[in-house]
Amino acid sequence: MTDIEDGVGIIQLNHPEKRNALGWALHYELIHAFDSFAEDEDVAAVLLVGNEDFFCAGWSLDILQDTSDSERTRFVDLALKLMTTIYDYGKPTVAAVAGVAPGYGMDLANMCDITVASDNAAFGSSQAKYAMNGFYHGMLRKVGAQRARRMLFTGDPIDAQEAYRVGLVDELVPAGTVYEGGLRLAKHIAESGAELTTVLKQVALRAGNMGHVEATAYELRVTADLVQRGLFTRKLAEGLEHLRSGKSKATERLRS
């Protein structure tokens with residue numbers, strides 16, 4: 001299911017009969033949904049969400065049990081396409097996770113830039129329990145190496161509070177409100193508009209893979225480009241108007 005609200009492209013997993021487990025069809029649907037929002041100028045950020053009871057149960061069991069070796073290889077190739085689509089996506093992405101997110105379900109959330117979770121969520125690299133490997137790099141970019149390796153090696157789950165403590169999750173919300181919480185954050189991001197969020201996403205994708213001097217020079221070049229745009233002129237005028245009225249765009253949500 002897809003929708004657009006206040007600059008946010010919403011992709012909602014809606015296969016409750018399989019707890020949103022990812023088979024062939026859902027992979028294709030997700031890739032198509034992300035692609036459809038990629039060039040849409042009305043979409044500045046994307047929210048990926050399940051429901052208030054579960055996010056995604058991982059790979060569909062029929063893929064693991066009822067397919068030939070060649071079919072499983074094709075499925076892995078399709079999974080790679082989905083994961084790189086999200087990982088390298090040109091706009092900010094938010095995952096909103098409720099309930100247990102095992103294995104590939106957690107990996108799907110880790111491909112997104114930011115994860116919001118309900119306080120009933122749990123995460124685990126459970127592939128190790130079935131002689132498979134979880135996706136280490138996705139964990140590593142959000143938590144430290146020791147925790148990522150512990151999760152990879154043991155497959156043991158962690159609850160929402162621990163996920164928040166170690167940085168796998170950026171924000172916790174009460175159970176039953178994960179859609180609302182994820183959408184609220186995505187709307188905050190989308191306020192900047194697609195022109196700016198696509199630039200900022202490129203910075204996030206590139207700068208972390210550079211040396212510190214190269215990254216600083218690159219980010220200053222981005223700044224030089226942005227201050228030449230009409231968007232900067234408009235935003236600056238809006239900010240100054242707020243300051244004259246005794247308010248600040250920079251701290252408005254801090255006060256709230």
# chains A, B, ... in the order shown; residues from 1 in each chain; ligands from 1
$ select_by_dssp --residues "range 51-188 of chain A" --states "alpha helix (DSSP H)" --output "PyMOL selection string"
chain A and resi 61-65+69-87+104-111+136-140+145-154+160-166+178-188
$ closest_atom_pairs --of "range 124-187 of chain A" --to "range 5-27 of chain A" --cutoff "10 Å" --atoms "only C-alpha atoms" --output "tab-separated table"
residue	atom	partner	partner_atom	distance
A:Tyr179	CA	A:Gln12	CA	9.4
A:Leu183	CA	A:Val8	CA	7.7
A:Arg184	CA	A:Val8	CA	9.7
A:Leu185	CA	A:Val8	CA	9.9
A:Ala186	CA	A:Val8	CA	6.3
A:Lys187	CA	A:Val8	CA	6.1
$ write_last_selection --atoms "all heavy atoms" --output "mmCIF file, in the first residue's frame"
data_model
loop_
_atom_site.group_PDB
_atom_site.id
_atom_site.type_symbol
_atom_site.label_atom_id
_atom_site.label_comp_id
_atom_site.auth_asym_id
_atom_site.auth_seq_id
_atom_site.Cartn_x
_atom_site.Cartn_y
_atom_site.Cartn_z
ATOM 1 N N TYR A 179 3.134 3.936 13.702
ATOM 2 C CA TYR A 179 2.829 4.604 12.434
ATOM 3 C C TYR A 179 2.847 6.120 12.629
ATOM 4 O O TYR A 179 3.475 6.861 11.861
ATOM 5 C CB TYR A 179 1.460 4.145 11.928
ATOM 6 C CG TYR A 179 1.064 4.720 10.579
ATOM 7 C CD1 TYR A 179 1.261 4.000 9.407
ATOM 8 C CD2 TYR A 179 0.493 5.984 10.471
ATOM 9 C CE1 TYR A 179 0.903 4.519 8.168
ATOM 10 C CE2 TYR A 179 0.138 6.518 9.246
ATOM 11 C CZ TYR A 179 0.340 5.774 8.098
ATOM 12 O OH TYR A 179 -0.015 6.318 6.875
ATOM 13 N N LEU A 183 5.667 8.558 10.981
ATOM 14 C CA LEU A 183 5.189 9.572 10.047
ATOM 15 C C LEU A 183 5.546 10.969 10.537
ATOM 16 O O LEU A 183 5.898 11.842 9.736
ATOM 17 C CB LEU A 183 3.673 9.438 9.856
ATOM 18 C CG LEU A 183 3.040 10.379 8.832
ATOM 19 C CD1 LEU A 183 3.655 10.197 7.450
ATOM 20 C CD2 LEU A 183 1.521 10.158 8.775
ATOM 21 N N ARG A 184 5.478 11.180 11.831
ATOM 22 C CA ARG A 184 5.825 12.494 12.382
ATOM 23 C C ARG A 184 7.279 12.844 12.060
ATOM 24 O O ARG A 184 7.576 13.959 11.591
ATOM 25 C CB ARG A 184 5.607 12.504 13.887
ATOM 26 C CG ARG A 184 5.965 13.841 14.552
ATOM 27 C CD ARG A 184 5.617 13.853 16.027
ATOM 28 N NE ARG A 184 6.300 12.805 16.775
ATOM 29 C CZ ARG A 184 5.705 11.738 17.289
ATOM 30 N NH1 ARG A 184 4.409 11.564 17.149
ATOM 31 N NH2 ARG A 184 6.412 10.829 17.963
ATOM 32 N N LEU A 185 8.189 11.902 12.278
ATOM 33 C CA LEU A 185 9.591 12.158 11.964
ATOM 34 C C LEU A 185 9.788 12.374 10.471
ATOM 35 O O LEU A 185 10.509 13.293 10.048
ATOM 36 C CB LEU A 185 10.460 10.996 12.444
ATOM 37 C CG LEU A 185 11.932 11.068 12.044
ATOM 38 C CD1 LEU A 185 12.598 12.331 12.569
ATOM 39 C CD2 LEU A 185 12.675 9.826 12.517
ATOM 40 N N ALA A 186 9.165 11.537 9.656
ATOM 41 C CA ALA A 186 9.315 11.672 8.201
ATOM 42 C C ALA A 186 8.804 13.025 7.727
ATOM 43 O O ALA A 186 9.392 13.648 6.834
ATOM 44 C CB ALA A 186 8.586 10.538 7.491
ATOM 45 N N LYS A 187 7.732 13.512 8.325
ATOM 46 C CA LYS A 187 7.207 14.832 7.955
ATOM 47 C C LYS A 187 8.171 15.939 8.372
ATOM 48 O O LYS A 187 8.315 16.934 7.655
ATOM 49 C CB LYS A 187 5.835 15.056 8.594
ATOM 50 C CG LYS A 187 4.700 14.284 7.931
ATOM 51 C CD LYS A 187 3.361 14.612 8.583
ATOM 52 C CE LYS A 187 2.209 13.901 7.898
ATOM 53 N NZ LYS A 187 0.901 14.252 8.506
#
$ residues_around --residues "range 138-141 of chain A" --least-positions-apart "3" --cutoff "8 Å" --atoms "only C-alpha atoms" --output "PyMOL selection string"
chain A and resi 107+110-111+135+144-145+148+168
$ residues_around --residues "range 119-121 of chain A" --least-positions-apart "6" --cutoff "7 Å" --atoms "only C-alpha atoms" --output "mmCIF file with all heavy atoms, in the first residue's frame"
data_model
loop_
_atom_site.group_PDB
_atom_site.id
_atom_site.type_symbol
_atom_site.label_atom_id
_atom_site.label_comp_id
_atom_site.auth_asym_id
_atom_site.auth_seq_id
_atom_site.Cartn_x
_atom_site.Cartn_y
_atom_site.Cartn_z
ATOM 1 N N VAL A 97 8.995 0.387 13.120
ATOM 2 C CA VAL A 97 8.991 -1.037 13.441
ATOM 3 C C VAL A 97 8.219 -1.301 14.728
ATOM 4 O O VAL A 97 8.500 -0.702 15.769
ATOM 5 C CB VAL A 97 10.431 -1.563 13.593
ATOM 6 C CG1 VAL A 97 10.425 -3.036 13.983
ATOM 7 C CG2 VAL A 97 11.218 -1.350 12.304
ATOM 8 N N ALA A 98 7.270 -2.219 14.642
ATOM 9 C CA ALA A 98 6.548 -2.710 15.818
ATOM 10 C C ALA A 98 6.690 -4.229 15.877
ATOM 11 O O ALA A 98 6.864 -4.890 14.849
ATOM 12 C CB ALA A 98 5.074 -2.317 15.747
ATOM 13 N N GLY A 99 6.610 -4.781 17.077
ATOM 14 C CA GLY A 99 6.683 -6.224 17.230
ATOM 15 C C GLY A 99 8.055 -6.779 16.911
ATOM 16 O O GLY A 99 9.048 -6.051 16.834
ATOM 17 N N VAL A 100 8.132 -8.070 16.700
ATOM 18 C CA VAL A 100 9.402 -8.736 16.452
ATOM 19 C C VAL A 100 9.827 -8.527 15.001
ATOM 20 O O VAL A 100 9.039 -8.724 14.081
ATOM 21 C CB VAL A 100 9.302 -10.237 16.764
ATOM 22 C CG1 VAL A 100 10.621 -10.936 16.465
ATOM 23 C CG2 VAL A 100 8.919 -10.450 18.219
ATOM 24 N N ASP A 159 15.629 -6.429 22.914
ATOM 25 C CA ASP A 159 14.343 -5.743 22.975
ATOM 26 C C ASP A 159 14.493 -4.293 22.533
ATOM 27 O O ASP A 159 15.598 -3.814 22.228
ATOM 28 C CB ASP A 159 13.720 -5.850 24.365
ATOM 29 C CG ASP A 159 14.546 -5.178 25.465
ATOM 30 O OD1 ASP A 159 15.385 -4.301 25.156
ATOM 31 O OD2 ASP A 159 14.337 -5.516 26.647
ATOM 32 N N ALA A 160 13.381 -3.581 22.501
ATOM 33 C CA ALA A 160 13.371 -2.223 21.971
ATOM 34 C C ALA A 160 14.251 -1.289 22.789
ATOM 35 O O ALA A 160 14.951 -0.431 22.225
ATOM 36 C CB ALA A 160 11.932 -1.696 21.935
ATOM 37 N N GLN A 161 14.225 -1.452 24.094
ATOM 38 C CA GLN A 161 15.006 -0.554 24.949
ATOM 39 C C GLN A 161 16.505 -0.743 24.722
ATOM 40 O O GLN A 161 17.260 0.233 24.662
ATOM 41 C CB GLN A 161 14.655 -0.793 26.425
ATOM 42 C CG GLN A 161 13.265 -0.333 26.820
ATOM 43 C CD GLN A 161 12.147 -1.204 26.252
ATOM 44 O OE1 GLN A 161 12.343 -2.408 26.007
ATOM 45 N NE2 GLN A 161 10.979 -0.624 26.042
ATOM 46 N N LEU A 172 12.078 5.728 20.379
ATOM 47 C CA LEU A 172 11.068 4.793 20.867
ATOM 48 C C LEU A 172 9.740 5.515 21.058
ATOM 49 O O LEU A 172 9.716 6.649 21.541
ATOM 50 C CB LEU A 172 11.496 4.172 22.200
ATOM 51 C CG LEU A 172 12.602 3.124 22.188
ATOM 52 C CD1 LEU A 172 12.856 2.608 23.602
ATOM 53 C CD2 LEU A 172 12.255 1.976 21.248
ATOM 54 N N VAL A 173 8.662 4.838 20.698
ATOM 55 C CA VAL A 173 7.313 5.376 20.894
ATOM 56 C C VAL A 173 6.470 4.306 21.574
ATOM 57 O O VAL A 173 6.789 3.116 21.515
ATOM 58 C CB VAL A 173 6.673 5.801 19.548
ATOM 59 C CG1 VAL A 173 7.470 6.928 18.901
ATOM 60 C CG2 VAL A 173 6.552 4.618 18.601
ATOM 61 N N PRO A 174 5.390 4.690 22.238
ATOM 62 C CA PRO A 174 4.536 3.694 22.892
ATOM 63 C C PRO A 174 3.936 2.716 21.886
ATOM 64 O O PRO A 174 3.674 3.063 20.734
ATOM 65 C CB PRO A 174 3.445 4.552 23.553
ATOM 66 C CG PRO A 174 4.054 5.905 23.690
ATOM 67 C CD PRO A 174 4.953 6.075 22.517
ATOM 68 N N ALA A 175 3.726 1.491 22.334
ATOM 69 C CA ALA A 175 3.088 0.490 21.491
ATOM 70 C C ALA A 175 1.750 1.012 20.982
ATOM 71 O O ALA A 175 0.999 1.652 21.724
ATOM 72 C CB ALA A 175 2.889 -0.808 22.275
#
$ atom_distance --atom1 "CA of Ala117 in chain A" --atom2 "CA of Cys56 in chain A"
12.7 Å
$ residues_around --residues "Asp40 in chain A" --least-positions-apart "6" --cutoff "12 Å" --atoms "only C-alpha atoms" --output "VMD selection string"
chain A and resid 4 7 to 9 33 to 34 46 90 to 91 193 to 195 198
$ closest_residue --among "A:Thr177, A:Ser126, A:Asn133, A:Asn51" --to "Gly155 in chain A" --atoms "only C-alpha atoms"
A:Ser126
$ closest_residue --among "A:Leu61, A:Leu152, A:Leu240, A:Ala122" --to "Gly134 in chain A" --atoms "only C-alpha atoms"
A:Leu152
$ closest_residue --among "A:Pro92, A:Tyr130, A:Gly246, A:Ser68" --to "Val199 in chain A" --atoms "only C-alpha atoms"
A:Pro92
$ select_by_dssp --residues "range 59-251 of chain A" --states "strand (DSSP E or B)" --output "ChimeraX atom specification"
/A:59,93-97,100-102,114-118,122-124,158-159,171-173
$ write_last_selection --atoms "N, CA and C atoms" --output "mmCIF file, in the first residue's frame"
data_model
loop_
_atom_site.group_PDB
_atom_site.id
_atom_site.type_symbol
_atom_site.label_atom_id
_atom_site.label_comp_id
_atom_site.auth_asym_id
_atom_site.auth_seq_id
_atom_site.Cartn_x
_atom_site.Cartn_y
_atom_site.Cartn_z
ATOM 1 N N TRP A 59 12.317 -13.369 5.453
ATOM 2 C CA TRP A 59 12.045 -14.064 4.191
ATOM 3 C C TRP A 59 10.889 -15.047 4.371
ATOM 4 N N THR A 93 15.053 7.921 4.256
ATOM 5 C CA THR A 93 14.100 6.845 4.517
ATOM 6 C C THR A 93 13.986 6.600 6.014
ATOM 7 N N VAL A 94 12.763 6.364 6.458
ATOM 8 C CA VAL A 94 12.477 6.079 7.864
ATOM 9 C C VAL A 94 11.755 4.737 7.936
ATOM 10 N N ALA A 95 12.237 3.834 8.780
ATOM 11 C CA ALA A 95 11.533 2.588 9.065
ATOM 12 C C ALA A 95 10.795 2.733 10.385
ATOM 13 N N ALA A 96 9.554 2.291 10.422
ATOM 14 C CA ALA A 96 8.755 2.313 11.651
ATOM 15 C C ALA A 96 8.429 0.865 12.011
ATOM 16 N N VAL A 97 8.995 0.387 13.120
ATOM 17 C CA VAL A 97 8.991 -1.037 13.441
ATOM 18 C C VAL A 97 8.219 -1.301 14.728
ATOM 19 N N VAL A 100 8.132 -8.070 16.700
ATOM 20 C CA VAL A 100 9.402 -8.736 16.452
ATOM 21 C C VAL A 100 9.827 -8.527 15.001
ATOM 22 N N ALA A 101 11.078 -8.109 14.818
ATOM 23 C CA ALA A 101 11.652 -7.950 13.482
ATOM 24 C C ALA A 101 12.859 -8.875 13.380
ATOM 25 N N PRO A 102 12.628 -10.149 13.031
ATOM 26 C CA PRO A 102 13.735 -11.102 13.005
ATOM 27 C C PRO A 102 14.439 -11.115 11.648
ATOM 28 N N ILE A 114 16.920 5.850 9.202
ATOM 29 C CA ILE A 114 16.545 6.049 10.600
ATOM 30 C C ILE A 114 15.452 5.048 10.947
ATOM 31 N N THR A 115 15.521 4.483 12.143
ATOM 32 C CA THR A 115 14.485 3.556 12.607
ATOM 33 C C THR A 115 13.790 4.108 13.836
ATOM 34 N N VAL A 116 12.465 4.174 13.761
ATOM 35 C CA VAL A 116 11.603 4.459 14.905
ATOM 36 C C VAL A 116 10.951 3.133 15.296
ATOM 37 N N ALA A 117 10.901 2.837 16.585
ATOM 38 C CA ALA A 117 10.343 1.556 17.018
ATOM 39 C C ALA A 117 9.369 1.761 18.163
ATOM 40 N N SER A 118 8.369 0.906 18.213
ATOM 41 C CA SER A 118 7.480 0.892 19.367
ATOM 42 C C SER A 118 8.162 0.149 20.497
ATOM 43 N N ALA A 122 11.258 -5.942 18.940
ATOM 44 C CA ALA A 122 12.464 -6.718 19.218
ATOM 45 C C ALA A 122 13.180 -6.957 17.899
ATOM 46 N N PHE A 123 14.504 -7.054 17.982
ATOM 47 C CA PHE A 123 15.321 -7.165 16.780
ATOM 48 C C PHE A 123 16.320 -8.301 16.960
ATOM 49 N N GLY A 124 16.560 -9.056 15.887
ATOM 50 C CA GLY A 124 17.547 -10.119 15.976
ATOM 51 C C GLY A 124 18.089 -10.499 14.617
ATOM 52 N N ILE A 158 17.353 -8.679 20.733
ATOM 53 C CA ILE A 158 17.386 -7.650 21.772
ATOM 54 C C ILE A 158 16.039 -6.926 21.758
ATOM 55 N N ASP A 159 15.629 -6.429 22.914
ATOM 56 C CA ASP A 159 14.343 -5.743 22.975
ATOM 57 C C ASP A 159 14.493 -4.293 22.533
ATOM 58 N N GLU A 171 14.532 6.306 17.893
ATOM 59 C CA GLU A 171 13.443 6.846 18.712
ATOM 60 C C GLU A 171 12.491 5.724 19.112
ATOM 61 N N LEU A 172 12.078 5.728 20.379
ATOM 62 C CA LEU A 172 11.068 4.793 20.867
ATOM 63 C C LEU A 172 9.740 5.515 21.058
ATOM 64 N N VAL A 173 8.662 4.838 20.698
ATOM 65 C CA VAL A 173 7.313 5.376 20.894
ATOM 66 C C VAL A 173 6.470 4.306 21.574
#
